[in-house]
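Text of target_30.cif (mmCIF, C-alpha atoms (C1' of nucleotides)) as supplied:
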```cif
data_run
#
loop_
_atom_site.label_atom_id
_atom_site.label_comp_id
_atom_site.auth_asym_id
_atom_site.auth_seq_id
_atom_site.Cartn_x
_atom_site.Cartn_y
_atom_site.Cartn_z
CA MET A 1 -13.78 7.28 -24.06
CA SER A 2 -11.37 4.41 -24.23
CA THR A 3 -12.34 0.81 -23.54
CA ALA A 4 -8.68 -0.05 -23.10
CA ALA A 5 -8.23 2.58 -20.43
CA ASP A 6 -11.33 1.33 -18.64
CA ALA A 7 -10.01 -2.21 -18.52
CA ILE A 8 -6.58 -1.04 -17.41
CA ALA A 9 -8.11 1.13 -14.69
CA GLN A 10 -9.96 -1.86 -13.32
CA ALA A 11 -6.92 -4.16 -13.42
CA LEU A 12 -4.80 -1.48 -11.78
CA GLY A 13 -7.36 -1.24 -9.01
CA VAL A 14 -6.87 -4.90 -8.22
CA LEU A 15 -3.08 -4.64 -8.06
CA LEU A 16 -3.17 -1.54 -5.90
CA GLN A 17 -5.38 -3.13 -3.29
CA ARG A 18 -3.55 -3.37 -0.03
CA ARG A 19 -4.47 -7.02 0.15
CA PHE A 20 -2.62 -7.80 -3.06
CA ARG A 21 0.59 -6.07 -2.09
CA SER A 22 0.86 -7.26 1.48
CA GLY A 23 -0.30 -10.73 0.54
CA LEU A 24 2.28 -11.09 -2.19
CA TYR A 25 5.16 -9.72 -0.14
CA ALA A 26 4.16 -11.73 2.90
CA SER A 27 4.13 -14.96 0.93
CA LEU A 28 7.46 -14.10 -0.66
CA THR A 29 9.22 -13.28 2.58
CA ASP A 30 7.60 -15.92 4.78
CA GLY A 31 10.24 -18.21 6.23
CA VAL A 32 13.10 -16.82 4.17
CA HIS A 33 14.76 -14.99 7.06
CA ASP A 34 13.62 -13.78 10.47
CA ALA A 35 14.55 -10.16 9.75
CA VAL A 36 12.88 -9.99 6.35
CA ASP A 37 9.21 -9.12 6.07
CA ALA A 38 7.07 -7.04 3.75
CA ALA A 39 8.46 -3.83 5.25
CA ALA A 40 12.10 -4.82 4.93
CA TYR A 41 11.66 -6.10 1.38
CA PRO A 42 11.85 -2.79 -0.50
CA VAL A 43 14.93 -1.68 1.45
CA LEU A 44 16.76 -4.95 0.92
CA SER A 45 15.89 -5.25 -2.74
CA GLY A 46 16.64 -1.57 -3.18
CA VAL A 47 20.17 -2.02 -1.91
CA ALA A 48 20.50 -5.05 -4.18
CA ARG A 49 19.40 -3.01 -7.18
CA LEU A 50 21.25 0.22 -6.48
CA GLY A 51 24.52 -1.15 -5.17
CA PRO A 52 26.33 0.69 -2.36
CA VAL A 53 23.93 3.51 -1.63
CA SER A 54 23.24 6.03 1.10
CA ALA A 55 20.01 5.97 3.09
CA ALA A 56 18.93 9.31 1.67
CA ALA A 57 19.56 8.29 -1.94
CA LEU A 58 17.84 4.94 -1.44
CA GLY A 59 14.86 6.60 0.17
CA THR A 60 14.46 8.90 -2.79
CA GLN A 61 14.55 5.97 -5.17
CA ILE A 62 12.11 3.69 -3.38
CA GLY A 63 9.80 6.41 -2.13
CA LEU A 64 10.52 6.28 1.59
CA ASP A 65 11.78 8.94 3.96
CA ARG A 66 15.46 8.60 4.88
CA SER A 67 14.43 8.16 8.53
CA VAL A 68 12.49 5.04 7.60
CA VAL A 69 15.33 3.70 5.50
CA SER A 70 17.73 4.40 8.34
CA ARG A 71 15.70 2.40 10.83
CA ARG A 72 15.02 -0.52 8.49
CA ALA A 73 18.63 -0.62 7.41
CA ALA A 74 19.82 -0.66 11.01
CA ALA A 75 17.69 -3.73 11.67
CA LEU A 76 19.03 -5.44 8.55
CA VAL A 77 22.59 -4.64 9.60
CA THR A 78 21.93 -6.20 13.01
CA ALA A 79 20.48 -9.23 11.26
CA GLY A 80 23.62 -9.58 9.17
CA LEU A 81 22.03 -8.88 5.81
CA LEU A 82 23.44 -5.41 5.23
CA THR A 83 26.75 -3.80 6.02
CA THR A 84 27.77 -0.15 6.18
CA THR A 85 30.88 1.51 4.87
CA ALA A 86 31.99 5.11 4.98
CA ASP A 87 31.42 7.05 1.79
CA PRO A 88 34.92 8.05 0.60
CA ASP A 89 33.48 11.10 -1.16
CA ASP A 90 31.25 12.42 1.62
CA ALA A 91 31.97 11.97 5.31
CA ARG A 92 28.32 12.64 6.16
CA ALA A 93 27.08 9.65 4.24
CA THR A 94 27.15 5.93 5.04
CA LEU A 95 26.88 3.48 2.20
CA LEU A 96 24.67 0.40 2.52
CA SER A 97 25.71 -2.86 0.87
CA LEU A 98 24.58 -6.48 0.93
CA THR A 99 26.53 -9.04 2.93
CA SER A 100 26.95 -12.49 1.44
CA GLU A 101 24.02 -13.59 3.58
CA GLY A 102 22.08 -10.61 2.24
CA ARG A 103 22.86 -11.65 -1.30
CA ARG A 104 21.67 -15.16 -0.55
CA VAL A 105 18.36 -13.87 0.82
CA VAL A 106 17.81 -11.47 -2.08
CA LYS A 107 18.49 -14.29 -4.51
CA ALA A 108 16.00 -16.54 -2.74
CA LEU A 109 13.33 -13.83 -2.74
CA ARG A 110 13.90 -13.12 -6.40
CA MET A 111 13.60 -16.80 -7.27
CA ARG A 112 10.36 -17.08 -5.31
CA LEU A 113 8.84 -14.12 -7.10
CA VAL A 114 9.81 -15.32 -10.55
CA ALA A 115 8.56 -18.81 -9.73
CA ALA A 116 5.22 -17.42 -8.56
CA ILE A 117 4.83 -15.43 -11.75
CA ASP A 118 5.82 -18.40 -13.87
CA ALA A 119 3.23 -20.51 -12.10
CA HIS A 120 0.62 -17.83 -12.62
CA LEU A 121 1.37 -17.75 -16.35
CA ALA A 122 1.74 -21.51 -16.67
CA ASP A 123 -1.16 -21.96 -19.03
CA TRP A 124 -0.54 -18.83 -21.10
CA PRO A 125 0.69 -19.26 -24.66
CA GLU A 126 4.34 -18.28 -24.96
CA GLY A 127 3.49 -15.40 -27.28
CA GLN A 128 1.12 -13.86 -24.74
CA ARG A 129 3.68 -14.16 -21.99
CA ARG A 130 6.23 -12.36 -24.09
CA ASP A 131 3.79 -9.68 -25.23
CA PHE A 132 2.52 -9.00 -21.74
CA ALA A 133 6.01 -8.78 -20.27
CA ARG A 134 7.04 -6.28 -22.93
CA LEU A 135 3.92 -4.13 -22.67
CA PHE A 136 3.81 -4.23 -18.87
CA ALA A 137 7.41 -3.07 -18.69
CA LYS A 138 6.57 -0.27 -21.10
CA PHE A 139 3.53 0.67 -19.06
CA VAL A 140 5.45 1.23 -15.85
CA GLU A 141 8.08 3.38 -17.49
CA PRO A 142 8.26 6.81 -15.86
CA GLY A 143 5.87 9.37 -17.24
CA THR A 144 2.29 10.22 -16.55
CA LEU A 145 0.46 8.25 -13.86
CA MET B 1 14.26 -19.43 -16.00
CA SER B 2 11.88 -17.10 -17.75
CA THR B 3 12.79 -13.76 -19.22
CA ALA B 4 9.11 -12.82 -19.29
CA ALA B 5 8.69 -13.51 -15.59
CA ASP B 6 11.79 -11.47 -14.83
CA ALA B 7 10.45 -8.48 -16.70
CA ILE B 8 7.03 -8.84 -15.08
CA ALA B 9 8.59 -9.13 -11.64
CA GLN B 10 10.41 -5.88 -12.17
CA ALA B 11 7.36 -4.04 -13.50
CA LEU B 12 5.28 -5.35 -10.64
CA GLY B 13 7.83 -4.02 -8.20
CA VAL B 14 7.32 -0.53 -9.58
CA LEU B 15 3.54 -0.66 -9.28
CA LEU B 16 3.64 -2.04 -5.75
CA GLN B 17 5.85 0.72 -4.45
CA ARG B 18 4.02 2.75 -1.89
CA ARG B 19 4.90 5.88 -3.77
CA PHE B 20 3.05 4.73 -6.87
CA ARG B 21 -0.16 3.82 -5.08
CA SER B 22 -0.43 6.77 -2.77
CA GLY B 23 0.75 9.15 -5.45
CA LEU B 24 -1.83 7.96 -7.94
CA TYR B 25 -4.73 7.96 -5.51
CA ALA B 26 -3.72 11.28 -4.03
CA SER B 27 -3.62 12.92 -7.44
CA LEU B 28 -6.96 11.38 -8.35
CA THR B 29 -8.76 12.48 -5.22
CA ASP B 30 -7.07 15.84 -4.75
CA GLY B 31 -9.65 18.60 -4.79
CA VAL B 32 -12.54 16.41 -5.84
CA HIS B 33 -14.29 16.44 -2.47
CA ASP B 34 -13.23 17.20 1.09
CA ALA B 35 -14.28 13.78 2.37
CA VAL B 36 -12.58 11.79 -0.36
CA ASP B 37 -8.93 10.84 -0.03
CA ALA B 38 -6.83 7.80 -0.81
CA ALA B 39 -8.36 5.89 2.09
CA ALA B 40 -11.96 6.65 1.19
CA TYR B 41 -11.41 5.85 -2.47
CA PRO B 42 -11.69 2.05 -2.32
CA VAL B 43 -14.83 2.20 -0.18
CA LEU B 44 -16.54 4.74 -2.40
CA SER B 45 -15.60 3.04 -5.65
CA GLY B 46 -16.48 -0.32 -4.11
CA VAL B 47 -20.01 0.84 -3.39
CA ALA B 48 -20.20 2.20 -6.92
CA ARG B 49 -19.12 -1.13 -8.37
CA LEU B 50 -21.08 -3.47 -6.11
CA GLY B 51 -24.33 -1.56 -5.85
CA PRO B 52 -26.24 -1.56 -2.56
CA VAL B 53 -23.96 -3.64 -0.40
CA SER B 54 -23.39 -4.37 3.26
CA ALA B 55 -20.20 -3.31 5.04
CA ALA B 56 -19.21 -6.92 5.61
CA ALA B 57 -19.73 -7.94 1.99
CA LEU B 58 -17.91 -4.87 0.72
CA GLY B 59 -15.01 -5.49 3.07
CA THR B 60 -14.63 -9.01 1.78
CA GLN B 61 -14.57 -7.76 -1.79
CA ILE B 62 -12.09 -4.93 -1.36
CA GLY B 63 -9.88 -6.62 1.20
CA LEU B 64 -10.68 -4.55 4.27
CA ASP B 65 -12.08 -5.53 7.63
CA ARG B 66 -15.75 -4.68 8.13
CA SER B 67 -14.78 -2.40 11.02
CA VAL B 68 -12.73 -0.28 8.66
CA VAL B 69 -15.49 -0.20 6.07
CA SER B 70 -17.96 0.76 8.77
CA ARG B 71 -15.89 3.73 9.89
CA ARG B 72 -15.10 4.96 6.41
CA ALA B 73 -18.68 4.54 5.32
CA ALA B 74 -19.93 6.51 8.32
CA ALA B 75 -17.69 9.40 7.32
CA LEU B 76 -18.92 9.23 3.73
CA VAL B 77 -22.53 9.20 4.94
CA THR B 78 -21.85 12.29 7.03
CA ALA B 79 -20.27 13.92 4.00
CA GLY B 80 -23.37 13.17 1.96
CA LEU B 81 -21.76 10.77 -0.49
CA LEU B 82 -23.27 7.55 0.81
CA THR B 83 -26.64 6.67 2.21
CA THR B 84 -27.77 3.67 4.22
CA THR B 85 -30.94 1.64 3.88
CA ALA B 86 -32.17 -1.34 5.83
CA ASP B 87 -31.64 -4.67 4.12
CA PRO B 88 -35.16 -6.05 3.52
CA ASP B 89 -33.82 -9.61 3.65
CA ASP B 90 -31.68 -9.33 6.79
CA ALA B 91 -32.43 -6.98 9.66
CA ARG B 92 -28.85 -7.22 10.86
CA ALA B 93 -27.44 -5.69 7.70
CA THR B 94 -27.35 -2.11 6.47
CA LEU B 95 -26.96 -1.51 2.76
CA LEU B 96 -24.65 1.20 1.50
CA SER B 97 -25.58 3.13 -1.64
CA LEU B 98 -24.34 6.21 -3.44
CA THR B 99 -26.21 9.48 -3.13
CA SER B 100 -26.50 11.64 -6.23
CA GLU B 101 -23.54 13.61 -4.92
CA GLY B 102 -21.69 10.35 -4.43
CA ARG B 103 -22.42 9.39 -8.01
CA ARG B 104 -21.10 12.72 -9.19
CA VAL B 105 -17.86 12.27 -7.25
CA VAL B 106 -17.37 8.69 -8.41
CA LYS B 107 -17.94 9.76 -11.98
CA ALA B 108 -15.37 12.54 -11.62
CA LEU B 109 -12.81 10.18 -10.09
CA ARG B 110 -13.41 7.62 -12.78
CA MET B 111 -12.97 10.21 -15.51
CA ARG B 112 -9.73 11.40 -13.96
CA LEU B 113 -8.30 7.90 -13.80
CA VAL B 114 -9.27 7.00 -17.34
CA ALA B 115 -7.94 10.33 -18.58
CA ALA B 116 -4.64 9.75 -16.82
CA ILE B 117 -4.31 6.30 -18.36
CA ASP B 118 -5.29 7.57 -21.77
CA ALA B 119 -2.67 10.29 -21.52
CA HIS B 120 -0.10 7.74 -20.44
CA LEU B 121 -0.89 5.60 -23.48
CA ALA B 122 -1.24 8.53 -25.84
CA ASP B 123 1.62 7.54 -28.09
CA TRP B 124 0.94 3.79 -28.04
CA PRO B 125 -0.32 2.17 -31.23
CA GLU B 126 -3.96 1.23 -30.90
CA GLY B 127 -3.15 -2.47 -31.20
CA GLN B 128 -0.75 -2.33 -28.27
CA ARG B 129 -3.29 -0.52 -26.13
CA ARG B 130 -5.85 -3.18 -26.83
CA ASP B 131 -3.42 -6.05 -26.30
CA PHE B 132 -2.12 -4.68 -23.03
CA ALA B 133 -5.59 -4.02 -21.68
CA ARG B 134 -6.64 -7.56 -22.46
CA LEU B 135 -3.51 -9.23 -21.08
CA PHE B 136 -3.37 -7.02 -17.99
CA ALA B 137 -6.97 -7.87 -17.17
CA LYS B 138 -6.14 -11.54 -17.61
CA PHE B 139 -3.07 -11.20 -15.42
CA VAL B 140 -4.97 -9.87 -12.43
CA GLU B 141 -7.61 -12.57 -12.57
CA PRO B 142 -7.77 -14.51 -9.31
CA GLY B 143 -5.37 -17.41 -9.04
CA THR B 144 -1.78 -17.73 -8.02
CA LEU B 145 0.07 -14.58 -6.88
"C1'" DT C 1 23.18 27.52 4.45
"C1'" DA C 2 22.28 22.78 3.04
"C1'" DT C 3 22.49 17.80 3.66
"C1'" DT C 4 23.57 13.22 6.15
"C1'" DG C 5 22.20 9.93 9.56
"C1'" DT C 6 19.78 9.31 13.64
"C1'" DT C 7 16.14 9.45 17.07
"C1'" DA C 8 11.78 10.87 19.34
"C1'" DT C 9 7.28 11.92 18.30
"C1'" DA C 10 2.90 12.10 15.98
"C1'" DC C 11 -0.09 10.62 12.38
"C1'" DT C 12 -2.56 7.39 9.22
"C1'" DC C 13 -4.50 3.22 8.22
"C1'" DT C 14 -5.76 -1.27 9.53
"C1'" DA C 15 -6.80 -5.47 12.38
"C1'" DT C 16 -8.46 -7.50 16.69
"C1'" DA C 17 -11.59 -7.87 20.31
"C1'" DA C 18 -15.81 -7.06 22.59
"C1'" DC C 19 -20.47 -5.66 22.54
"C1'" DT C 20 -25.53 -5.71 21.07
"C1'" DA C 21 -28.97 -7.15 17.79
"C1'" DT C 22 -30.60 -10.42 14.58
"C1'" DA C 23 -30.32 -15.01 11.81
"C1'" DT D 1 -24.17 -20.82 17.20
"C1'" DA D 2 -23.11 -17.61 13.70
"C1'" DT D 3 -23.06 -13.13 11.56
"C1'" DA D 4 -24.18 -7.86 11.05
"C1'" DG D 5 -22.67 -3.31 12.57
"C1'" DT D 6 -20.30 -0.56 15.81
"C1'" DT D 7 -16.72 1.08 18.90
"C1'" DA D 8 -12.39 0.96 21.70
"C1'" DT D 9 -7.90 -0.55 21.57
"C1'" DA D 10 -3.57 -1.93 19.77
"C1'" DG D 11 -0.45 -2.66 16.10
"C1'" DA D 12 2.24 -1.67 11.82
"C1'" DG D 13 4.25 1.61 8.90
"C1'" DT D 14 5.38 6.11 7.73
"C1'" DA D 15 6.37 11.20 7.92
"C1'" DT D 16 7.86 15.26 10.54
"C1'" DA D 17 10.88 17.62 13.43
"C1'" DA D 18 15.02 18.26 15.79
"C1'" DC D 19 19.74 17.16 16.71
"C1'" DA D 20 24.99 16.94 15.84
"C1'" DA D 21 28.35 16.29 12.15
"C1'" DT D 22 29.88 17.43 7.70
"C1'" DA D 23 29.49 19.82 2.99
#
```
Just give me the structure as structure tokens.
Amino acid sequence: MSTAADAIAQALGVLLQRRFRSGLYASLTDGVHDAVDAAAYPVLSGVARLGPVSAAALGTQIGLDRSVVSRRAAALVTAGLLTTTADPDDARATLLSLTSEGRRVVKALRMRLVAAIDAHLADWPEGQRRDFARLFAKFVEPGTL
Amino acid sequence: MSTAADAIAQALGVLLQRRFRSGLYASLTDGVHDAVDAAAYPVLSGVARLGPVSAAALGTQIGLDRSVVSRRAAALVTAGLLTTTADPDDARATLLSLTSEGRRVVKALRMRLVAAIDAHLADWPEGQRRDFARLFAKFVEPGTL
DNA sequence: TATTGTTATACTCTATAACTATA
DNA sequence: TATAGTTATAGAGTATAACAATA
């Protein structure tokens, strides 16, 4: 019977609402680039985070089937945000990388997200900001849940 | 240029991954009741939280269109977890309430979620648990984001 | 035999639109 | 007029299955 767990459960419920996720991603991606929307976001930022990566490996990391990654990536390649190179170690695989335009878009998205969070925490005392950032990062570490 | 916002942005990205949401809700609802899955969860817990409530009002609160709430609620009524009563103040509206079976299921789901969070925080110092719960609740308060 | 990328297909969830009844 | 609930329809996003190529 934990009051902390109760409060966390409730807060988690808010974040996991579809409205929160799609609303946040839609506002982040709106107007940044024609080919980037809430669905393309995880693929694009995944490639940014994981460097040259195959569709199968990226899918495993971001929780999408390789077929979905393949289709999204193809659209981002057409749009000039991703590029493909042959994997020198495995002729079956194709590695996905950001183009310079892709890097520009990822950077813009990242800045928007950080700016939105900064604005949201504008009136928080610095100590609380720091504490929350540290504890939130710890909370999402792999493990239970 | 905020280190805190950077860390929060990254943690948020983890929580908003589809895998996290569907995985959590699937594990919570698995085996609890045939009619309850990840899609029914928000409707059922919404009725639990908001008491007798109309489909339109519930939809507004949980971020779903009333048509979706209507369909999900109908299934939950058929399954014996929800019951409908006429709104004495508005003959257009139908109020959704939990049946005793619905209360049992909601209680079980709630216990599972709290238990999962408690287990996840098992090795956290009590002070950190309390701090995180408080700051996390504050973070999800309506506003920017 | 297993895995990669790709494509066609089906499934799940949701929003939109249209309808009737009531405010 | 506006809003409630309902239903049919369409849309978005994803997973599954099957294929050829490579491991």
**Report entry** Protein/DNA/RNA residues near (3.3, 3.0, 8.6), cut 9 Å, all atoms listed in the file, as a PyMOL selection string
**Finding:** (chain C and resi 12-13) or (chain D and resi 12-15)
**Report entry** Identical-sequence pair chain A and chain B: C-alpha RMSD when superposed in order
**Finding:**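 C-alpha RMSD after optimal superposition stands at 0.3 Å.
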Report task. Find the distance between atom CA of B:Arg134 and atom CA of B:Val105 and write it in Å to one decimal. Result ->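 Value for the atom CA of B:Arg134-atom CA of B:Val105 distance: 27.4 Å.
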**Report entry** Residues matched by the PyMOL selection byres ((chain B and resi 29-36) around 10) as a ChimeraX atom specification
**Finding:** /B:24-28,37-44,72,75-81,101-102,104-106,108-109,112-113
Requested in this report: Would you translate the PyMOL selection byres ((chain C and resi 22) around 7) into the concrete set of residues it matches in this file, as a PyMOL selection string?
Outcome: (chain B and resi 91-92) or (chain C and resi 21+23)
Return the neighbours of chain D among the residues of chain B, cut-off 8 Å, counting all atoms listed in the file, as a PDB file with C-alpha atoms, in the coordinates of the input.
```pdb
ATOM      1  CA  ALA B  55     -20.200  -3.310   5.040  1.00  0.00           C
ATOM      2  CA  ALA B  56     -19.210  -6.920   5.610  1.00  0.00           C
ATOM      3  CA  SER B  67     -14.780  -2.400  11.020  1.00  0.00           C
ATOM      4  CA  SER B  70     -17.960   0.760   8.770  1.00  0.00           C
ATOM      5  CA  ARG B  92     -28.850  -7.220  10.860  1.00  0.00           C
ATOM      6  CA  ALA B  93     -27.440  -5.690   7.700  1.00  0.00           C
ATOM      7  CA  THR B  94     -27.350  -2.110   6.470  1.00  0.00           C
TER       8      THR B  94
END
```
Requested in this report: At a cut-off of 8 Å, list the chain B residues touching chain A, using only C-alpha atoms, as an NGL selection string.
Outcome: :B and (2 or 4-11 or 14-19 or 21 or 24 or 62-64 or 113-121 or 128-130 or 132-137 or 139-140 or 143-145)
On this file, the PyMOL selection byres ((chain C) within 10 of (chain A)) gives some set of residues; write that set as a PDB file with C-alpha atoms (C1' of nucleotides), in the frame of the given file.
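Result written to expr-v3.pdb:
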```
ATOM      1  C1'  DT C   3      22.490  17.800   3.660  1.00  0.00           C
ATOM      2  C1'  DT C   4      23.570  13.220   6.150  1.00  0.00           C
ATOM      3  C1'  DG C   5      22.200   9.930   9.560  1.00  0.00           C
ATOM      4  C1'  DT C   6      19.780   9.310  13.640  1.00  0.00           C
ATOM      5  C1'  DT C   7      16.140   9.450  17.070  1.00  0.00           C
TER       6       DT C   7
END
```
**Report entry** Atom pair atom CA of B:Arg49 / atom CA of A:Asp123: separation (Å)
**Finding:**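 Atom CA of B:Arg49 sits 29.5 Å away from atom CA of A:Asp123.
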Query - Separation of atom CA of B:Ser100 from atom CA of B:Asp65 in Å - result: 26.4 Å
